[in-house]
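Below: input-v2.cif (mmCIF, C-alpha atoms)
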```cif
data_coords
#
loop_
_atom_site.label_atom_id
_atom_site.label_comp_id
_atom_site.auth_asym_id
_atom_site.auth_seq_id
_atom_site.Cartn_x
_atom_site.Cartn_y
_atom_site.Cartn_z
CA MET A 1 -171.92 -97.96 42.42
CA THR A 2 -169.95 -97.53 39.13
CA GLN A 3 -171.64 -97.66 35.74
CA ASN A 4 -170.00 -101.00 34.93
CA GLN A 5 -171.14 -102.44 38.27
CA ASN A 6 -174.65 -101.23 37.55
CA ARG A 7 -174.51 -102.90 34.13
CA LEU A 8 -173.45 -106.14 35.76
CA THR A 9 -176.18 -106.04 38.41
CA VAL A 10 -179.01 -105.47 35.97
CA ALA A 11 -177.65 -107.85 33.38
CA THR A 12 -177.23 -110.59 35.99
CA TYR A 13 -180.88 -110.10 36.92
CA PHE A 14 -181.86 -110.65 33.29
CA LEU A 15 -179.70 -113.77 33.15
CA MET A 16 -181.24 -115.27 36.30
CA ALA A 17 -184.74 -114.45 35.09
CA LEU A 18 -184.09 -116.32 31.86
CA LEU A 19 -182.62 -119.37 33.54
CA THR A 20 -185.35 -119.67 36.15
CA ALA A 21 -188.34 -119.14 33.83
CA PRO A 22 -190.72 -122.12 33.46
CA LEU A 23 -190.10 -124.08 30.28
CA HIS A 24 -193.21 -126.11 29.41
CA ALA A 25 -195.38 -125.08 26.43
CA GLN A 26 -199.10 -125.79 26.30
CA ALA A 27 -201.28 -126.91 23.39
CA GLU A 28 -203.33 -124.36 21.49
CA LYS A 29 -206.59 -125.54 19.92
CA PRO A 30 -206.60 -124.75 16.20
CA GLU A 31 -210.11 -123.32 16.34
CA SER A 32 -209.02 -120.53 18.69
CA LYS A 33 -210.58 -117.28 17.52
CA SER A 34 -207.61 -115.34 18.87
CA LEU A 35 -205.42 -116.51 15.97
CA ARG A 36 -205.51 -113.60 13.51
CA ALA A 37 -202.84 -112.90 10.92
CA ASP A 38 -203.93 -109.24 10.94
CA LEU A 39 -203.71 -108.95 14.74
CA PRO A 40 -202.22 -105.57 15.74
CA TYR A 41 -199.07 -105.63 17.85
CA GLN A 42 -199.77 -106.57 21.46
CA VAL A 43 -196.80 -104.83 23.03
CA LYS A 44 -195.60 -102.53 25.80
CA LYS A 45 -194.68 -99.12 24.33
CA SER A 46 -192.36 -96.56 25.90
CA ASP A 47 -190.12 -93.55 25.21
CA PRO A 48 -191.73 -92.16 22.03
CA ILE A 49 -189.57 -90.17 19.63
CA ASN A 50 -190.92 -87.77 17.00
CA HIS A 51 -188.85 -87.86 13.81
CA GLU A 52 -189.00 -85.51 10.85
CA VAL A 53 -187.86 -87.48 7.82
CA GLU A 54 -186.60 -86.30 4.45
CA PHE A 55 -185.77 -89.34 2.30
CA SER A 56 -184.70 -89.16 -1.35
CA VAL A 57 -184.12 -91.78 -4.02
CA ILE A 58 -181.80 -90.59 -6.81
CA VAL A 59 -182.18 -92.74 -9.91
CA THR A 60 -179.78 -92.61 -12.87
CA PRO A 61 -181.58 -94.07 -15.91
CA PRO A 62 -179.62 -95.54 -18.84
CA TYR A 63 -178.78 -93.22 -21.71
CA HIS A 64 -181.80 -92.53 -23.95
CA CYS A 65 -184.14 -94.34 -21.56
CA LYS A 66 -187.73 -94.09 -22.71
CA VAL A 67 -189.65 -95.14 -19.59
CA LEU A 68 -188.29 -95.19 -16.06
CA LYS A 69 -190.46 -96.85 -13.39
CA VAL A 70 -189.80 -96.49 -9.67
CA TRP A 71 -191.61 -98.02 -6.70
CA VAL A 72 -190.92 -96.52 -3.27
CA PRO A 73 -192.34 -98.15 -0.10
CA VAL A 74 -194.55 -95.90 1.99
CA PRO A 75 -194.55 -96.36 5.80
CA GLN A 76 -197.97 -96.80 7.39
CA THR A 77 -199.47 -96.03 10.76
CA ASN A 78 -199.99 -99.06 12.97
CA ALA A 79 -199.96 -99.94 16.65
CA ALA A 80 -196.18 -99.45 16.78
CA GLN A 81 -195.70 -96.24 14.79
CA GLU A 82 -197.59 -93.18 13.61
CA ILE A 83 -197.06 -91.48 10.25
CA ALA A 84 -198.24 -87.95 9.36
CA ALA A 85 -197.74 -85.09 6.88
CA SER A 86 -196.60 -87.41 4.06
CA GLU A 87 -195.62 -85.58 0.86
CA PHE A 88 -193.80 -86.69 -2.31
CA THR A 89 -191.98 -84.40 -4.75
CA THR A 90 -189.83 -85.12 -7.82
CA PHE A 91 -187.03 -83.25 -9.61
CA PRO A 92 -186.38 -82.27 -12.37
CA GLN A 93 -189.43 -83.93 -13.93
CA GLN A 94 -192.62 -83.35 -11.98
CA VAL A 95 -194.46 -86.65 -11.66
CA ALA A 96 -197.35 -87.34 -9.30
CA PRO A 97 -197.19 -90.70 -7.52
CA GLN A 98 -199.74 -93.46 -7.78
CA ILE A 99 -200.30 -94.84 -4.26
CA SER A 100 -201.36 -98.50 -4.06
CA ASN A 101 -201.40 -101.40 -1.59
CA GLU A 102 -200.28 -104.85 -2.69
CA PRO A 103 -202.85 -107.49 -1.66
CA VAL A 104 -200.78 -110.17 0.11
CA TYR A 105 -199.15 -108.25 2.98
CA GLY A 106 -200.81 -104.86 2.56
CA ASN A 107 -197.53 -103.05 1.82
CA ARG A 108 -198.05 -99.59 0.36
CA PHE A 109 -196.02 -98.19 -2.54
CA ALA A 110 -195.70 -94.88 -4.32
CA TYR A 111 -195.24 -95.57 -8.04
CA PHE A 112 -193.59 -93.07 -10.39
CA GLU A 113 -193.33 -93.27 -14.16
CA PHE A 114 -190.87 -90.93 -15.92
CA HIS A 115 -191.06 -90.65 -19.72
CA ASP A 116 -187.91 -89.70 -21.64
CA PRO A 117 -185.96 -88.81 -18.49
CA HIS A 118 -182.79 -86.81 -19.08
CA GLY A 119 -180.24 -87.40 -16.34
CA ALA A 120 -180.93 -88.41 -12.77
CA GLN A 121 -184.41 -88.15 -11.33
CA ILE A 122 -184.86 -87.38 -7.64
CA ILE A 123 -187.87 -88.60 -5.67
CA THR A 124 -188.17 -87.08 -2.19
CA HIS A 125 -190.52 -88.22 0.54
CA ARG A 126 -191.03 -85.89 3.49
CA PHE A 127 -193.07 -87.05 6.45
CA LYS A 128 -193.28 -87.13 10.23
CA ALA A 129 -193.01 -90.33 12.23
CA ARG A 130 -193.60 -91.15 15.88
CA ALA A 131 -191.93 -94.36 17.04
CA TRP A 132 -191.69 -96.14 20.38
CA ASN A 133 -189.41 -98.60 22.09
CA LEU A 134 -191.35 -101.86 21.97
CA ARG A 135 -190.96 -104.69 24.49
CA TRP A 136 -193.05 -107.84 24.25
CA ASN A 137 -191.61 -109.50 27.39
CA MET A 138 -192.26 -112.86 25.78
CA ASP A 139 -192.05 -115.80 28.21
CA PRO A 140 -191.21 -119.02 26.31
CA ALA A 141 -193.26 -121.03 28.80
CA GLN A 142 -196.40 -119.12 27.83
CA VAL A 143 -196.10 -119.71 24.09
CA THR A 144 -198.80 -122.16 23.03
CA ARG A 145 -198.65 -124.74 20.26
CA VAL A 146 -200.87 -124.61 17.20
CA GLU A 147 -201.57 -127.81 15.29
CA GLN A 148 -203.47 -126.14 12.45
CA TRP A 149 -203.16 -122.47 11.59
CA PRO A 150 -206.08 -120.58 10.00
CA SER A 151 -205.81 -120.03 6.24
CA SER A 152 -204.97 -116.33 6.71
CA PHE A 153 -201.50 -117.40 7.92
CA GLU A 154 -200.70 -119.27 4.69
CA PRO A 155 -198.35 -116.56 3.27
CA TYR A 156 -196.37 -116.66 6.52
CA LEU A 157 -195.98 -120.43 6.62
CA LYS A 158 -194.71 -121.17 3.12
CA PRO A 159 -190.95 -121.70 3.43
CA GLN A 160 -188.38 -120.66 0.88
CA THR A 161 -187.14 -123.67 -1.10
CA VAL A 162 -183.79 -124.75 0.32
CA ALA A 163 -181.09 -126.01 -2.06
CA GLN A 164 -179.56 -128.33 0.58
CA PRO A 165 -182.72 -130.01 1.89
CA GLU A 166 -181.06 -132.92 3.70
CA GLN A 167 -178.60 -130.74 5.60
CA PHE A 168 -181.33 -128.21 6.38
CA GLN A 169 -183.73 -130.85 7.67
CA GLN A 170 -181.00 -132.29 9.87
CA VAL A 171 -180.51 -128.87 11.47
CA ILE A 172 -184.26 -128.51 11.97
CA GLN A 173 -184.48 -132.00 13.54
CA ASN A 174 -181.62 -131.17 15.90
CA ILE A 175 -183.33 -127.94 16.92
CA ASN A 176 -186.60 -129.76 17.50
CA ALA A 177 -184.90 -132.45 19.55
CA GLY A 178 -183.12 -129.87 21.68
CA PHE A 179 -186.28 -127.91 22.43
CA GLN A 180 -188.83 -130.62 23.11
CA ASN A 181 -191.02 -129.36 25.98
CA LYS A 182 -188.69 -126.39 26.47
CA GLY A 183 -190.61 -123.61 24.77
CA PRO A 184 -190.80 -122.61 21.10
CA GLY A 185 -188.20 -124.18 18.81
CA LEU A 186 -187.86 -120.81 17.12
CA ILE A 187 -185.55 -119.80 19.97
CA GLY A 188 -183.38 -122.78 19.06
CA ALA A 189 -183.25 -121.52 15.46
CA MET A 190 -182.17 -118.08 16.68
CA ASN A 191 -179.44 -119.63 18.81
CA TRP A 192 -178.26 -121.74 15.85
CA ILE A 193 -178.00 -118.64 13.65
CA ASP A 194 -176.09 -116.77 16.34
CA ARG A 195 -173.58 -119.62 16.60
CA ASN A 196 -173.18 -120.32 12.88
CA LEU A 197 -173.52 -117.06 10.91
CA THR A 198 -170.93 -114.30 10.47
CA TYR A 199 -171.96 -110.74 9.66
CA ASP A 200 -170.59 -109.74 6.25
CA HIS A 201 -171.76 -106.80 4.11
CA ILE A 202 -169.60 -107.71 1.11
CA HIS A 203 -170.83 -111.29 0.78
CA ALA A 204 -174.53 -110.62 1.23
CA SER A 205 -177.61 -111.41 -0.85
CA LEU A 206 -179.65 -108.21 -0.20
CA GLN A 207 -182.67 -110.49 -0.72
CA ALA A 208 -183.31 -112.19 2.64
CA ASP A 209 -182.05 -115.34 0.94
CA ALA A 210 -182.12 -118.40 3.20
CA ASN A 211 -179.98 -120.34 0.71
CA HIS A 212 -177.21 -117.74 0.72
CA ALA A 213 -177.16 -117.67 4.52
CA PHE A 214 -177.35 -121.46 4.96
CA GLU A 215 -174.71 -122.27 2.33
CA GLN A 216 -172.29 -119.38 2.92
CA ARG A 217 -172.93 -119.06 6.67
CA ARG A 218 -172.51 -115.32 6.30
CA GLY A 219 -174.36 -112.22 5.13
CA HIS A 220 -176.00 -109.15 6.62
CA CYS A 221 -179.28 -108.53 8.44
CA SER A 222 -181.34 -109.61 5.43
CA ASP A 223 -179.69 -113.03 5.28
CA TYR A 224 -179.85 -113.61 9.03
CA HIS A 225 -183.56 -112.93 9.15
CA GLY A 226 -184.41 -114.61 5.84
CA LEU A 227 -182.85 -117.83 7.11
CA CYS A 228 -184.45 -117.52 10.54
CA ALA A 229 -187.86 -116.91 8.95
CA THR A 230 -187.46 -120.05 6.82
CA MET A 231 -186.31 -122.07 9.84
CA GLY A 232 -189.24 -120.76 11.86
CA ARG A 233 -191.72 -121.85 9.20
CA ALA A 234 -190.10 -125.28 9.01
CA LEU A 235 -190.61 -125.49 12.78
CA GLY A 236 -194.29 -124.58 12.41
CA TYR A 237 -194.33 -120.85 13.25
CA PRO A 238 -195.65 -118.08 10.98
CA THR A 239 -192.85 -115.62 10.25
CA ARG A 240 -192.22 -112.57 8.10
CA VAL A 241 -189.18 -110.57 7.11
CA THR A 242 -189.61 -106.86 7.80
CA TYR A 243 -187.67 -104.02 6.19
CA GLY A 244 -187.44 -100.50 7.50
CA LEU A 245 -185.35 -97.39 8.00
CA ALA A 246 -182.77 -96.74 10.69
CA LEU A 247 -183.59 -93.15 11.63
CA TYR A 248 -180.07 -91.84 12.06
CA PRO A 249 -177.24 -91.08 9.61
CA LYS A 250 -175.62 -94.16 8.07
CA ASN A 251 -174.48 -95.22 4.60
CA SER A 252 -177.11 -97.91 4.27
CA PRO A 253 -180.36 -96.55 5.72
CA SER A 254 -182.32 -99.77 5.35
CA HIS A 255 -182.32 -102.44 8.04
CA CYS A 256 -184.07 -105.80 8.24
CA LYS A 257 -185.72 -107.54 11.19
CA MET A 258 -187.91 -110.62 11.54
CA GLU A 259 -191.32 -111.09 13.10
CA ALA A 260 -192.86 -114.34 14.32
CA TYR A 261 -196.41 -115.04 15.45
CA LEU A 262 -196.19 -116.71 18.86
CA PRO A 263 -199.54 -117.17 20.63
CA PRO A 264 -200.74 -115.61 22.88
CA TYR A 265 -198.37 -112.71 22.14
CA GLY A 266 -199.15 -112.35 18.44
CA TRP A 267 -196.50 -110.84 16.17
CA ILE A 268 -193.14 -110.25 17.89
CA SER A 269 -190.11 -108.47 16.41
CA PHE A 270 -186.58 -109.92 16.67
CA ASP A 271 -183.22 -108.52 15.55
CA LEU A 272 -180.59 -111.26 15.45
CA SER A 273 -177.82 -109.59 13.46
CA GLU A 274 -177.66 -106.41 15.56
CA THR A 275 -177.71 -108.45 18.76
CA GLN A 276 -174.80 -110.55 17.55
CA LYS A 277 -172.86 -107.39 16.64
CA LEU A 278 -173.62 -105.91 20.06
CA ALA A 279 -172.36 -109.08 21.75
CA LYS A 280 -169.09 -108.80 19.83
CA GLN A 281 -168.80 -105.16 20.90
CA ILE A 282 -169.23 -106.21 24.52
CA GLN A 283 -166.62 -108.94 24.25
CA SER A 284 -164.07 -106.52 22.76
CA ASP A 285 -164.64 -103.83 25.44
CA LYS A 286 -161.37 -103.68 27.39
CA GLU A 287 -162.95 -101.79 30.30
CA LEU A 288 -165.30 -104.65 31.21
CA THR A 289 -164.38 -107.64 33.35
CA SER A 290 -165.04 -111.18 32.13
CA ALA A 291 -168.05 -111.48 34.44
CA GLN A 292 -169.48 -108.20 33.18
CA LYS A 293 -169.01 -109.27 29.58
CA THR A 294 -170.83 -112.52 30.24
CA ALA A 295 -173.73 -110.85 32.01
CA LEU A 296 -174.12 -108.01 29.50
CA THR A 297 -173.98 -110.40 26.55
CA GLN A 298 -176.69 -112.53 28.12
CA ALA A 299 -178.77 -109.41 28.84
CA ALA A 300 -178.52 -108.35 25.18
CA ARG A 301 -179.60 -111.77 23.97
CA GLU A 302 -182.42 -111.97 26.50
CA ARG A 303 -183.72 -108.58 25.35
CA THR A 304 -183.86 -109.87 21.79
CA LEU A 305 -185.33 -113.28 22.63
CA SER A 306 -188.12 -111.65 24.64
CA GLY A 307 -189.01 -109.37 21.70
CA PHE A 308 -187.67 -105.85 21.22
CA ARG A 309 -187.83 -103.04 18.65
CA GLU A 310 -186.19 -99.64 19.05
CA ASN A 311 -187.68 -96.16 18.66
CA SER A 312 -185.14 -95.26 15.96
CA TRP A 313 -186.36 -97.86 13.44
CA LEU A 314 -189.38 -97.43 11.18
CA LEU A 315 -191.24 -100.27 9.46
CA LEU A 316 -191.63 -99.97 5.67
CA THR A 317 -192.50 -103.42 4.32
CA ARG A 318 -193.44 -106.88 5.54
CA GLY A 319 -193.09 -110.23 3.84
CA THR A 320 -191.28 -111.82 0.90
CA ASP A 321 -192.14 -112.93 -2.65
CA TYR A 322 -195.03 -110.67 -3.62
CA GLN A 323 -196.13 -108.61 -6.61
CA LEU A 324 -195.82 -104.87 -6.39
CA ALA A 325 -198.71 -102.48 -6.87
CA PRO A 326 -199.04 -101.62 -9.69
CA PRO A 327 -197.41 -104.87 -10.93
CA ALA A 328 -193.73 -104.93 -11.85
CA LEU A 329 -192.05 -107.23 -14.39
CA LYS A 330 -192.10 -110.03 -11.84
CA PRO A 331 -192.72 -110.53 -8.13
CA VAL A 332 -190.06 -109.16 -5.81
CA ARG A 333 -188.31 -111.05 -3.05
CA VAL A 334 -188.08 -107.94 -0.82
CA VAL A 335 -188.03 -104.17 -1.26
CA ARG A 336 -185.43 -102.38 0.85
CA THR A 337 -185.67 -98.71 -0.14
CA ALA A 338 -186.84 -98.77 -3.78
CA TYR A 339 -187.40 -100.98 -6.83
CA VAL A 340 -186.51 -99.62 -10.28
CA GLU A 341 -187.13 -100.66 -13.90
CA ALA A 342 -185.89 -98.95 -17.08
CA ASP A 343 -187.33 -99.85 -20.47
CA GLY A 344 -188.45 -103.26 -19.27
CA GLU A 345 -185.24 -104.15 -17.41
CA ILE A 346 -184.67 -104.28 -13.66
CA LEU A 347 -181.92 -101.92 -12.53
CA PRO A 348 -179.41 -103.57 -10.16
CA GLU A 349 -179.84 -102.87 -6.47
CA PRO A 350 -177.02 -101.01 -4.74
CA ASP A 351 -175.48 -101.89 -1.39
CA PRO A 352 -174.04 -98.62 -0.05
CA ALA A 353 -172.58 -100.47 2.94
CA ASN A 354 -170.33 -102.56 0.64
CA ILE A 355 -167.01 -100.70 0.58
CA LYS A 356 -166.02 -102.46 -2.68
CA LYS A 357 -168.96 -100.98 -4.62
CA ARG A 358 -168.14 -97.98 -6.79
CA GLU A 359 -171.07 -97.83 -9.24
CA PHE A 360 -174.74 -97.42 -8.43
CA SER A 361 -177.77 -97.24 -10.74
CA TRP A 362 -179.62 -95.51 -7.92
CA MET A 363 -178.82 -94.26 -4.47
CA THR A 364 -180.57 -92.76 -1.46
CA SER A 365 -179.96 -89.67 0.62
CA HIS A 366 -181.65 -88.99 3.90
CA ARG A 367 -181.97 -86.53 6.77
CA TYR A 368 -183.66 -87.22 10.07
CA THR A 369 -184.45 -84.74 12.84
CA ALA A 370 -185.59 -86.07 16.23
CA ASP A 371 -187.40 -84.01 18.85
CA LYS A 372 -184.99 -85.18 21.54
CA PRO A 373 -181.73 -87.11 21.85
CA PHE A 374 -182.01 -90.88 21.85
CA LYS A 375 -179.72 -93.81 22.50
CA LYS A 376 -178.98 -96.57 20.01
CA PRO A 377 -179.81 -99.79 21.88
CA PHE A 378 -177.61 -101.98 19.71
CA LYS A 379 -174.56 -99.80 20.32
CA ASP A 380 -175.05 -98.15 23.73
CA LEU A 381 -174.52 -100.65 26.57
CA SER A 382 -176.37 -98.44 29.04
CA THR A 383 -179.64 -99.32 27.28
CA LEU A 384 -179.31 -102.84 28.66
CA ASN A 385 -180.12 -101.34 32.06
CA ALA A 386 -183.52 -100.08 30.88
CA ASP A 387 -186.62 -101.46 32.57
#
```
Encoding of this model in C-alpha cells:
Amino acid sequence: MTQNQNRLTVATYFLMALLTAPLHAQAEKPESKSLRADLPYQVKKSDPINHEVEFSVIVTPPYHCKVLKVWVPVPQTNAAQEIAASEFTTFPQQVAPQISNEPVYGNRFAYFEFHDPHGAQIITHRFKARAWNLRWNMDPAQVTRVEQWPSSFEPYLKPQTVAQPEQFQQVIQNINAGFQNKGPGLIGAMNWIDRNLTYDHIHASLQADANHAFEQRRGHCSDYHGLCATMGRALGYPTRVTYGLALYPKNSPSHCKMEAYLPPYGWISFDLSETQKLAKQIQSDKELTSAQKTALTQAARERTLSGFRENSWLLLTRGTDYQLAPPALKPVRVVRTAYVEADGEILPEPDPANIKKREFSWMTSHRYTADKPFKKPFKDLSTLNAD
C-alpha cells in the first residue's frame, strides 16, 4: 500500500467515525461538583519530547529612558507540560526578576525594571520543557449542557463587547438553530470561522480581538481564537485564549490556541487557524487525488474538533483582559512574548511575521533543542495517520 493510499484509508476512517457518531446532548445539573474551573486537563498523553529552550527578549528603550519595565510570561508545570531548570539572566545591566502570579488566571510573570538603560537590554530565559501530544477524543454526543455555571467560571464566560451586535447575534442564532440537539454549538462556531475567516498576518490585531476578526473577516491565530472564544461564550460555553511558544525555528515564535470547557471532558484545546492552513496545504498538493484531498481534509478537521495539542507547543498564558503582576499601566488584552513600558508609556508590540514591518521596539530570539526528531502535525500529512 502506498503512503497516499494509507493516508486515504485512515482519513476515511476518521470521516466515517465523525459522521456515524451519536448526536444528542444531555442536560447537566448545575449543582454538579465535577464542574471546576481549575480542573486539570483530562487528556490522553503520548510521544513526549524533551526541549531545551533558550529564549531572549531584546528591548530597545527610547533615548535617555529613565525607567524601562518588562514583563515576560513564565511557563508553568501542569498536567500537559513539565518545566524545569528555569533561569533568567540579563545583559548588559544585571537585574534580578520579580516573579509573580496574576490573580485571575494564575499566569506567572518575570518582571524586570532597568534604571537609566543605555542601549538595548537583553533578557534571556533558559529552561527545560517536556511536552506531549494531547488528544481529548471528544465525542460531541457526550458533551452535557450546563444551565448555570459555578461562579469560578465567571472570567471565562464574559464575552468581549462586539461592535456589530445585531449582525453578531444573527450569526449566533443561526449557529444555535443549526446545532439544536446535535451536540455543542461551539462546533458550529468553529465551522463558521473556518468558512468565513482568511488567514492574514499583515491585517491582524495581535490582541485576540473578536471585533477585528468579525468585521475584517481576516487575521492570524489570535483573531481566529479571540472570535471563537467570544462566540463560544455567547453560546454558553466557558472559553479562554491561550498563548504559547512554537518550539521550532520561526520568525514569530508565539502562537495562539483556544480552550473550551466542555463537560465531562473539562478544558479542551483547539487550533482553528493551523487546521485551516493545513487544509489549504492538502488542497494544493498536486500528488493527491480528489478523494484523498477530501478524506485528509476531513481527518485534519476531525482531529481538531475532537481536541488536539502538539508536543512542539508550550503554554505560556491563559485568558484575556487581566492586570499583570506587578500591575502595569493598565490591564492587558493578551501577552504574547513580552509586555514593555518605558517612562510610563507602552512600547508598541512587534509582529515579526509581518513582512511589511521594518522597525521594532523589541524583538525576540530563540533556540530550541529537542531530544529526538519530531513531526509538525499542522504541516506533515503523515501525522493524520497517527492513532
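Of the listed residues A:Ser382, A:Thr320, A:Gln169, A:Thr144, the one whose atoms come nearest to His225 (chain A) is A:Thr320, with distances taken using only C-alpha atoms.
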Notebook entry, point to check: Applied to this file, what does the PyMOL selection byres ((chain A and resi 241-258) around 8) return in terms of residues, put as a PyMOL selection string?
Noted result: chain A and resi 51+208+221-222+225-226+228-229+239-240+259-260+269-272+312-320+335-337+351-353+366-368
Checklist line | Spatial neighbours of region 123-134 of chain A, 7 Å, only C-alpha atoms, chain gap at least 4 places, as an NGL selection string | finding: :A and (43-58 or 80-91 or 308-312)
Checklist line | Output of the PyMOL selection byres ((chain A and resi 172-174) around 10), listed as a count of residues only | finding: 20
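The smallest atom-to-atom distance between Lys280 (chain A) and any of A:Arg108, A:Lys379, A:Lys357, A:Arg303, using all atoms listed in the file, is found for A:Lys379.
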Note to self: Quick check on the file I pasted: which residues fall under the PyMOL selection byres ((chain A and resi 72) around 6)? Write them as a PyMOL selection string.
What the structure shows: chain A and resi 71+73+109-110+338
Notebook entry, point to check: So which residues touch region 323-328 of chain A within 10 Å, counting only C-alpha atoms, skipping near sequence neighbours fewer than 6 positions away, as a VMD selection string?
Noted result: chain A and resid 69 to 71 73 98 to 104 106 to 111 334 to 335 339 to 341 344 346
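Shortest separation to Ser151 (chain A) among A:Leu68, A:Ala163, A:Leu35, A:Val59 occurs at residue A:Leu35, atoms counted being all atoms listed in the file.
For Pro350 (chain A), the non-local neighbours within 9 Å, defined as residues at least 2 positions apart in the same chain or in other chains and counting only C-alpha atoms, are Leu206, Pro348, Pro352, Ala353, Asn354, Lys357, Glu359, Phe360, Ser361, Trp362 and Met363 of chain A.
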Filtering to C-alpha atoms, could you give me those residues as a PDB file, in the coordinates of the input?
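Done, and the output landed in out.pdb:
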```pdb
ATOM      1  CA  LEU A 206    -179.650-108.210  -0.200  1.00  0.00           C
ATOM      2  CA  PRO A 348    -179.410-103.570 -10.160  1.00  0.00           C
ATOM      3  CA  PRO A 352    -174.040 -98.620  -0.050  1.00  0.00           C
ATOM      4  CA  ALA A 353    -172.580-100.470   2.940  1.00  0.00           C
ATOM      5  CA  ASN A 354    -170.330-102.560   0.640  1.00  0.00           C
ATOM      6  CA  LYS A 357    -168.960-100.980  -4.620  1.00  0.00           C
ATOM      7  CA  GLU A 359    -171.070 -97.830  -9.240  1.00  0.00           C
ATOM      8  CA  PHE A 360    -174.740 -97.420  -8.430  1.00  0.00           C
ATOM      9  CA  SER A 361    -177.770 -97.240 -10.740  1.00  0.00           C
ATOM     10  CA  TRP A 362    -179.620 -95.510  -7.920  1.00  0.00           C
ATOM     11  CA  MET A 363    -178.820 -94.260  -4.470  1.00  0.00           C
TER      12      MET A 363
END
```
Next item on the list: Please indicate the distance in Å from CA of Gln42 (chain A) to CA of Tyr265 (chain A), rounded to one decimal place.
Entry: 6.3 Å
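For the atom pair formed by CA of Gly119 (chain A) and CA of Pro75 (chain A), the distance is 27.8 Å, given to one decimal.
The coordinates place CA of Phe214 (chain A) at 27.6 Å from CA of Thr294 (chain A).
Closest approach to Thr60 (chain A) among A:Pro184, A:Pro159, A:Pro117, A:Pro40: A:Pro117, based on only C-alpha atoms.
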Would you place a box with edges along x, y and z of the file around all atoms of region 129-140 of chain A listed there, add 5 Å to each of its six sides, and report the centre and edge lengths in Å to one decimal, as AutoDock Vina command-line options?
```
--center_x -191.5 --center_y -104.7 --center_z 20.2 --size_x 14.2 --size_y 38.7 --size_z 26.0
```
